[in-house]
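Engineer: Just one file: work-v7.json, with JSON, C-alpha atoms.
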```json
[["chain", "number", "residue", "atom", "x", "y", "z"],
["T", 9, "TRP", "CA", 6.27, -3.11, 4.70],
["T", 10, "ILE", "CA", 2.69, -2.01, 4.12],
["T", 11, "SER", "CA", -0.26, -4.12, 5.27],
["T", 12, "PRO", "CA", -4.08, -4.04, 5.18],
["T", 13, "LEU", "CA", -6.41, -3.48, 8.13],
["T", 14, "ALA", "CA", -10.10, -4.15, 7.56],
["T", 15, "ALA", "CA", -13.04, -4.15, 9.98],
["T", 16, "PRO", "CA", -16.66, -2.97, 10.12],
["T", 17, "PRO", "CA", -17.24, 0.81, 10.16],
["T", 18, "GLY", "CA", -16.25, 2.44, 13.44],
["T", 19, "PHE", "CA", -12.94, 0.65, 13.98],
["T", 20, "LEU", "CA", -11.07, 3.96, 13.51],
["T", 21, "ARG", "CA", -11.68, 6.45, 16.32],
["T", 22, "GLY", "CA", -10.14, 9.91, 16.45],
["T", 23, "GLU", "CA", -9.60, 11.41, 19.91],
["T", 24, "ASP", "CA", -7.89, 14.83, 19.71],
["T", 25, "ASN", "CA", -4.37, 14.04, 18.47],
["T", 26, "LEU", "CA", -4.75, 10.26, 18.87],
["T", 27, "LEU", "CA", -6.12, 7.67, 16.48],
["T", 28, "ARG", "CA", -7.45, 4.45, 18.01],
["T", 29, "VAL", "CA", -7.32, 1.55, 15.57],
["T", 30, "LEU", "CA", -9.43, -1.40, 16.68],
["T", 31, "ALA", "CA", -7.72, -3.89, 14.39],
["T", 32, "VAL", "CA", -4.25, -5.35, 13.99],
["T", 33, "PRO", "CA", -2.30, -6.94, 11.13],
["T", 34, "ARG", "CA", -3.24, -10.59, 10.93],
["T", 35, "GLU", "CA", -0.94, -13.37, 12.03],
["T", 36, "ARG", "CA", 2.04, -13.98, 9.71],
["T", 37, "ASP", "CA", 1.56, -10.56, 8.15],
["T", 38, "PRO", "CA", 4.98, -8.86, 8.02],
["T", 39, "LEU", "CA", 3.70, -6.10, 10.33],
["T", 40, "HIS", "CA", 2.05, -8.43, 12.84],
["T", 41, "ARG", "CA", 2.98, -7.30, 16.38],
["T", 42, "MET", "CA", 5.16, -4.45, 15.18],
["T", 43, "PRO", "CA", 6.92, -2.71, 18.10],
["T", 44, "VAL", "CA", 5.73, 0.64, 19.44],
["T", 45, "GLY", "CA", 7.82, 3.78, 19.23],
["T", 46, "GLN", "CA", 8.25, 3.84, 15.47],
["T", 47, "GLN", "CA", 6.91, 6.22, 12.85],
["T", 48, "VAL", "CA", 3.96, 4.91, 10.83],
["T", 49, "GLY", "CA", 1.87, 6.06, 7.91],
["T", 50, "LEU", "CA", -1.76, 5.09, 7.29],
["T", 51, "ILE", "CA", -4.31, 5.68, 4.57],
["T", 52, "ALA", "CA", -7.99, 5.17, 5.39],
["T", 53, "ILE", "CA", -10.24, 4.48, 2.39],
["T", 54, "ASP", "CA", -13.97, 3.92, 2.15],
["T", 55, "PHE", "CA", -14.15, 2.26, -1.27],
["T", 56, "ALA", "CA", -17.94, 2.47, -1.38],
["T", 57, "THR", "CA", -17.85, 6.29, -1.27],
["T", 58, "ARG", "CA", -14.32, 6.71, -2.72],
["T", 59, "ARG", "CA", -13.27, 8.82, 0.27],
["T", 60, "ARG", "CA", -9.72, 8.68, 1.67],
["T", 61, "MET", "CA", -7.59, 10.30, 4.35],
["T", 62, "ARG", "CA", -3.89, 9.99, 5.09],
["T", 63, "ILE", "CA", -2.63, 9.95, 8.67],
["T", 64, "ASN", "CA", 1.03, 10.00, 9.64],
["T", 65, "GLY", "CA", 2.48, 9.81, 13.14],
["T", 66, "SER", "CA", 4.02, 7.53, 15.74],
["T", 67, "LEU", "CA", 2.82, 4.20, 17.08],
["T", 68, "VAL", "CA", 2.54, 4.78, 20.84],
["T", 69, "ASN", "CA", 0.60, 1.69, 21.94],
["T", 70, "GLY", "CA", -0.40, -1.69, 20.61],
["T", 71, "ASP", "CA", -1.66, -5.10, 21.69],
["T", 72, "ASN", "CA", -3.64, -8.00, 20.24],
["T", 73, "ALA", "CA", -6.80, -5.88, 20.08],
["T", 74, "GLY", "CA", -5.61, -2.69, 18.44],
["T", 75, "MET", "CA", -3.15, 0.16, 18.14],
["T", 76, "THR", "CA", -2.87, 3.82, 19.04],
["T", 77, "VAL", "CA", -1.20, 6.37, 16.78],
["T", 78, "LEU", "CA", -0.07, 9.83, 17.92],
["T", 79, "ILE", "CA", -1.01, 11.98, 14.93],
["T", 80, "ASP", "CA", 1.49, 14.34, 13.35],
["T", 81, "GLN", "CA", -0.29, 14.93, 10.04],
["T", 82, "ALA", "CA", -3.83, 14.23, 8.83],
["T", 83, "TYR", "CA", -5.22, 15.34, 5.50],
["T", 84, "GLY", "CA", -7.70, 14.26, 2.88],
["T", 85, "ASN", "CA", -7.12, 13.47, -0.79],
["T", 86, "CYS", "CA", -9.53, 13.64, -3.69],
["T", 87, "PRO", "CA", -11.19, 10.42, -4.94],
["T", 88, "ARG", "CA", -9.22, 10.40, -8.19],
["T", 89, "HIS", "CA", -8.26, 6.87, -9.38],
["T", 90, "ILE", "CA", -10.14, 5.10, -6.54],
["T", 91, "HIS", "CA", -12.30, 2.27, -7.91],
["T", 92, "ARG", "CA", -15.63, 1.94, -6.14],
["T", 93, "ARG", "CA", -16.06, -1.57, -4.73],
["T", 94, "ASP", "CA", -17.67, -3.53, -1.92],
["T", 95, "LEU", "CA", -15.07, -5.17, 0.29],
["T", 96, "ASN", "CA", -15.14, -8.67, 1.72],
["T", 97, "VAL", "CA", -14.09, -7.36, 5.13],
["T", 98, "SER", "CA", -14.19, -10.72, 6.86],
["T", 99, "ALA", "CA", -11.88, -12.29, 4.26],
["T", 100, "ILE", "CA", -9.29, -9.52, 4.52],
["T", 101, "ALA", "CA", -9.44, -9.54, 8.33],
["T", 102, "THR", "CA", -9.30, -13.32, 8.77],
["T", 103, "THR", "CA", -5.99, -14.78, 9.88],
["T", 104, "PRO", "CA", -4.57, -17.13, 7.22],
["T", 105, "LEU", "CA", -2.99, -20.07, 9.04],
["T", 106, "VAL", "CA", -1.71, -21.78, 5.90],
["T", 107, "ASN", "CA", -0.36, -20.92, 2.48],
["T", 108, "VAL", "CA", 2.26, -18.38, 3.52],
["T", 109, "SER", "CA", 5.17, -17.85, 1.16],
["T", 110, "ARG", "CA", 8.29, -15.72, 1.81],
["T", 111, "THR", "CA", 10.65, -15.24, -1.13],
["T", 112, "THR", "CA", 13.07, -12.75, -2.65],
["T", 113, "GLU", "CA", 11.33, -12.60, -6.01],
["T", 114, "LEU", "CA", 7.86, -12.72, -7.57],
["T", 115, "ALA", "CA", 6.53, -16.21, -8.22],
["T", 116, "PRO", "CA", 4.36, -16.71, -11.34],
["T", 117, "ALA", "CA", 1.11, -16.45, -9.37],
["T", 118, "ALA", "CA", 2.31, -13.22, -7.75],
["T", 119, "GLN", "CA", 3.26, -11.80, -11.14],
["T", 120, "ALA", "CA", -0.21, -12.65, -12.45],
["T", 121, "MET", "CA", -1.84, -10.93, -9.48],
["T", 122, "VAL", "CA", 0.19, -7.76, -10.06],
["T", 123, "ALA", "CA", -0.48, -7.74, -13.81],
["T", 124, "ALA", "CA", -4.26, -8.02, -13.28],
["T", 125, "SER", "CA", -4.61, -5.44, -10.49],
["T", 126, "ASP", "CA", -6.24, -2.04, -10.78],
["T", 127, "THR", "CA", -5.23, -0.94, -7.26],
["T", 128, "PHE", "CA", -2.24, -1.18, -4.95],
["T", 129, "PHE", "CA", -0.76, 0.65, -1.98],
["T", 130, "LEU", "CA", 2.66, 2.28, -1.74],
["T", 131, "GLY", "CA", 4.66, 2.80, 1.44],
["T", 132, "THR", "CA", 7.55, 5.29, 1.58],
["T", 133, "THR", "CA", 9.54, 6.94, 4.33],
["T", 134, "HIS", "CA", 11.57, 10.06, 5.09],
["T", 135, "PRO", "CA", 14.47, 10.07, 7.55],
["T", 136, "VAL", "CA", 13.07, 13.09, 9.42],
["T", 137, "ARG", "CA", 9.40, 13.49, 8.53],
["T", 138, "GLY", "CA", 8.34, 9.85, 8.99],
["T", 139, "SER", "CA", 6.49, 7.20, 7.03],
["T", 140, "ASP", "CA", 3.64, 7.55, 4.54],
["T", 141, "ALA", "CA", 1.11, 5.23, 2.92],
["T", 142, "SER", "CA", -0.58, 6.10, -0.36],
["T", 143, "HIS", "CA", -3.01, 4.62, -2.86],
["T", 144, "ARG", "CA", -2.35, 3.98, -6.53],
["T", 145, "GLY", "CA", -5.11, 3.14, -8.97],
["T", 146, "GLY", "CA", -5.55, 2.81, -12.70],
["T", 147, "PRO", "CA", -6.96, 0.47, -15.33],
["T", 148, "ALA", "CA", -6.36, -3.22, -14.73],
["T", 149, "GLY", "CA", -2.86, -3.99, -15.93],
["T", 150, "PHE", "CA", -1.39, -0.53, -15.34],
["T", 151, "VAL", "CA", 1.43, -2.10, -13.29],
["T", 152, "ARG", "CA", 3.89, -3.82, -15.63],
["T", 153, "VAL", "CA", 5.99, -6.80, -14.56],
["T", 154, "ASP", "CA", 9.33, -6.87, -16.37],
["T", 155, "SER", "CA", 10.75, -9.83, -14.46],
["T", 156, "SER", "CA", 10.52, -11.65, -11.14],
["T", 157, "LYS", "CA", 12.58, -8.83, -9.60],
["T", 158, "GLN", "CA", 11.43, -5.73, -11.48],
["T", 159, "LEU", "CA", 8.13, -3.95, -12.12],
["T", 160, "TRP", "CA", 7.01, -0.42, -12.91],
["T", 161, "TRP", "CA", 3.92, 1.74, -13.21],
["T", 162, "PRO", "CA", 3.19, 5.04, -14.99],
["T", 163, "ASP", "CA", 2.38, 8.13, -12.97],
["T", 164, "TYR", "CA", -1.07, 9.67, -13.28],
["T", 165, "LEU", "CA", -2.31, 13.18, -12.57],
["T", 166, "GLY", "CA", -3.17, 13.36, -8.87],
["T", 167, "ASN", "CA", -3.29, 15.90, -6.08],
["T", 168, "ASN", "CA", 0.07, 17.48, -6.95],
["T", 169, "MET", "CA", 1.34, 16.96, -3.40],
["T", 170, "PHE", "CA", 4.12, 14.51, -4.40],
["T", 171, "ASN", "CA", 4.48, 13.06, -0.90],
["T", 172, "SER", "CA", 5.70, 9.70, -2.18],
["T", 173, "PHE", "CA", 8.01, 11.20, -4.80],
["T", 174, "GLY", "CA", 9.49, 13.55, -2.22],
["T", 175, "ASN", "CA", 10.22, 10.65, 0.10],
["T", 176, "LEU", "CA", 11.76, 8.56, -2.68],
["T", 177, "ALA", "CA", 14.02, 11.46, -3.63],
["T", 178, "VAL", "CA", 15.80, 11.16, -0.26],
["T", 179, "ASP", "CA", 15.18, 7.49, 0.64],
["T", 180, "ASP", "CA", 14.54, 4.90, -2.05],
["T", 181, "GLU", "CA", 13.20, 2.25, 0.34],
["T", 182, "ALA", "CA", 9.61, 1.38, -0.56],
["T", 183, "ALA", "CA", 6.89, -1.18, 0.08],
["T", 184, "LEU", "CA", 4.00, -2.36, -2.10],
["T", 185, "LEU", "CA", 0.75, -4.11, -1.20],
["T", 186, "PHE", "CA", -1.60, -5.86, -3.63],
["T", 187, "ILE", "CA", -4.92, -7.27, -2.40],
["T", 188, "ASN", "CA", -7.41, -9.74, -3.80],
["T", 189, "PHE", "CA", -10.51, -7.94, -2.55],
["T", 190, "ILE", "CA", -12.67, -11.07, -2.95],
["T", 191, "THR", "CA", -10.56, -13.76, -1.27],
["T", 192, "GLY", "CA", -8.48, -11.56, 1.05],
["T", 193, "ALA", "CA", -5.17, -12.87, -0.33],
["T", 194, "THR", "CA", -2.40, -10.31, -0.06],
["T", 195, "LEU", "CA", 0.96, -9.81, -1.71],
["T", 196, "HIS", "CA", 3.48, -7.69, 0.20],
["T", 197, "MET", "CA", 6.77, -6.48, -1.25],
["T", 198, "SER", "CA", 9.68, -4.54, 0.15],
["T", 199, "GLY", "CA", 12.48, -3.15, -1.98],
["T", 200, "THR", "CA", 13.59, 0.09, -3.60],
["T", 201, "ALA", "CA", 11.90, 2.47, -6.02],
["T", 202, "GLN", "CA", 13.08, 5.25, -8.33],
["T", 203, "VAL", "CA", 11.20, 7.89, -10.28],
["T", 204, "GLU", "CA", 12.18, 7.73, -13.95],
["T", 205, "TRP", "CA", 11.55, 10.56, -16.41],
["T", 206, "THR", "CA", 10.39, 9.73, -19.91],
["T", 207, "ARG", "CA", 9.12, 11.65, -22.92],
["T", 208, "PRO", "CA", 5.43, 12.57, -22.43],
["T", 209, "GLY", "CA", 3.33, 10.28, -24.58],
["T", 210, "ALA", "CA", 6.05, 7.65, -24.91],
["T", 211, "ILE", "CA", 5.05, 3.99, -24.97],
["T", 212, "GLY", "CA", 3.81, 3.06, -21.50],
["T", 213, "ASP", "CA", 3.24, 6.68, -20.43],
["T", 214, "ASP", "CA", -0.46, 5.98, -19.88],
["T", 215, "GLY", "CA", -1.06, 9.08, -17.79],
["T", 216, "GLY", "CA", 0.79, 11.41, -20.17],
["T", 217, "MET", "CA", 2.91, 12.77, -17.29],
["T", 218, "GLY", "CA", 6.31, 11.82, -18.68],
["T", 219, "ARG", "CA", 7.34, 9.89, -15.59],
["T", 220, "ARG", "CA", 7.04, 6.45, -14.09],
["T", 221, "VAL", "CA", 8.20, 4.56, -10.99],
["T", 222, "ALA", "CA", 10.47, 1.52, -11.26],
["T", 223, "PHE", "CA", 10.47, -0.90, -8.32],
["T", 224, "SER", "CA", 13.13, -3.50, -7.51],
["T", 225, "VAL", "CA", 11.92, -6.44, -5.41],
["T", 226, "GLY", "CA", 13.94, -7.23, -2.30],
["T", 227, "ALA", "CA", 11.56, -9.54, -0.43],
["T", 228, "THR", "CA", 7.96, -10.72, -0.73],
["T", 229, "VAL", "CA", 5.34, -12.20, 1.58],
["T", 230, "ALA", "CA", 2.27, -13.86, 0.03],
["T", 231, "LEU", "CA", -0.66, -14.65, 2.33],
["T", 232, "GLY", "CA", -3.78, -16.65, 1.55],
["T", 233, "PHE", "CA", -2.98, -17.76, -2.00],
["T", 234, "ALA", "CA", -4.65, -21.02, -3.00],
["T", 235, "PRO", "CA", -2.45, -24.15, -2.86],
["T", 236, "GLY", "CA", -0.32, -24.35, -5.97],
["T", 237, "GLU", "CA", -0.69, -20.66, -6.78],
["T", 238, "ARG", "CA", 2.50, -19.54, -5.05]]
```
Now, as a test, write the supplied structure out as structure tokens.

Structural biologist:
Amino acid sequence: WISPLAAPPGFLRGEDNLLRVLAVPRERDPLHRMPVGQQVGLIAIDFATRRRMRINGSLVNGDNAGMTVLIDQAYGNCPRHIHRRDLNVSAIATTPLVNVSRTTELAPAAQAMVAASDTFFLGTTHPVRGSDASHRGGPAGFVRVDSSKQLWWPDYLGNNMFNSFGNLAVDDEAALLFINFITGATLHMSGTAQVEWTRPGAIGDDGGMGRRVAFSVGATVALGFAPGER
């Protein structure tokens, strides 16, 4: 799974090879109270300045107030494809006590959210090197929904590091996160993903890279959707 953490500036504190995170996944989030000792991947983004940094390591401590990550890798990425926006931090950080839906496919409201999004987050893992979280951005509608169990998105020119693609080459497990940045509603998915090669410039090859990622839905968690939307 991949989940959002949002708080006022200063909630991330680097101390040598440790990262103190003064926030936790909200109640009923699939990563709420995740056990320590596992490998984790984080991406920190300041949407106002379009700055981002990826941090991978191990979760060594955690309670109801925060978490501590032992850092293995930390590196910055360029601002490419990040949409500048002001976040409703309180909405994203507030615990939703109602309107939680757990399914094995995308409901109509979830499909609509995906089809309208210009941003999502991708979680991948490697059996030896650990977990990784990355950002994907494009024009609204760049993620296509083929059915309640299948979606895909075109690849765009990025930093040429291919962290996510490298992970998927050896482990096809993946997680997606879509966020309504106004209301704080979140859509989490876990499943599998494969890189597919196409002819450059083919229909749907928006980035002209000749490749796309197809995702198969295994499970979903929707938090904070309005009644009747799920």

Engineer: Between T:Glu113, T:Asp179, T:Glu23, T:Asp213, single out the one closest to Met197 (chain T), counting all atoms listed in the file.

Structural biologist: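 Under the stated criterion, the closest residue is T:Glu113.
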
Engineer: Here is a test: counting only C-alpha atoms, which residue of T:Asp163, T:Ala99, T:Gln46, T:Phe186 is nearest to Trp205 (chain T)?

Structural biologist: T:Asp163

Engineer: Residues at most 12 Å from Ala56 (chain T), counting all atoms listed in the file, excluding those fewer than 2 positions away in the same chain, as a VMD selection string?

Structural biologist: chain T and resid 17 53 to 54 58 to 60 87 90 to 96

Engineer: May I have the centre and edge lengths, in Å to one decimal, of an axis-aligned box around the listed atoms of region 16-25 of chain T with 6 Å added to every side, as AutoDock Vina command-line options?

Structural biologist:
```
--center_x -10.8 --center_y 5.9 --center_z 15.0 --size_x 24.9 --size_y 29.8 --size_z 21.8
```

Engineer: For a cut-off of 12 Å around (-2.0, -9.6, -11.9), file coordinates, pick out all residues using all atoms listed in the file and list them as a PyMOL selection string.

Structural biologist: chain T and resi 114-128+147-153+159+186-188+194-195

Engineer: What lies within 12 Å of Ser198 (chain T) using only C-alpha atoms, ignoring chain neighbours under 2 positions off, as a ChimeraX atom specification?

Structural biologist: /T:9-11,38-39,110-114,129-132,157-158,180-186,195-196,200-201,223-230

Engineer: Distance CA of Glu35 (chain T)-CA of Asn72 (chain T), one decimal place?

Structural biologist: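 Spanning CA of Glu35 (chain T) to CA of Asn72 (chain T) is a straight-line distance of 10.2 Å.
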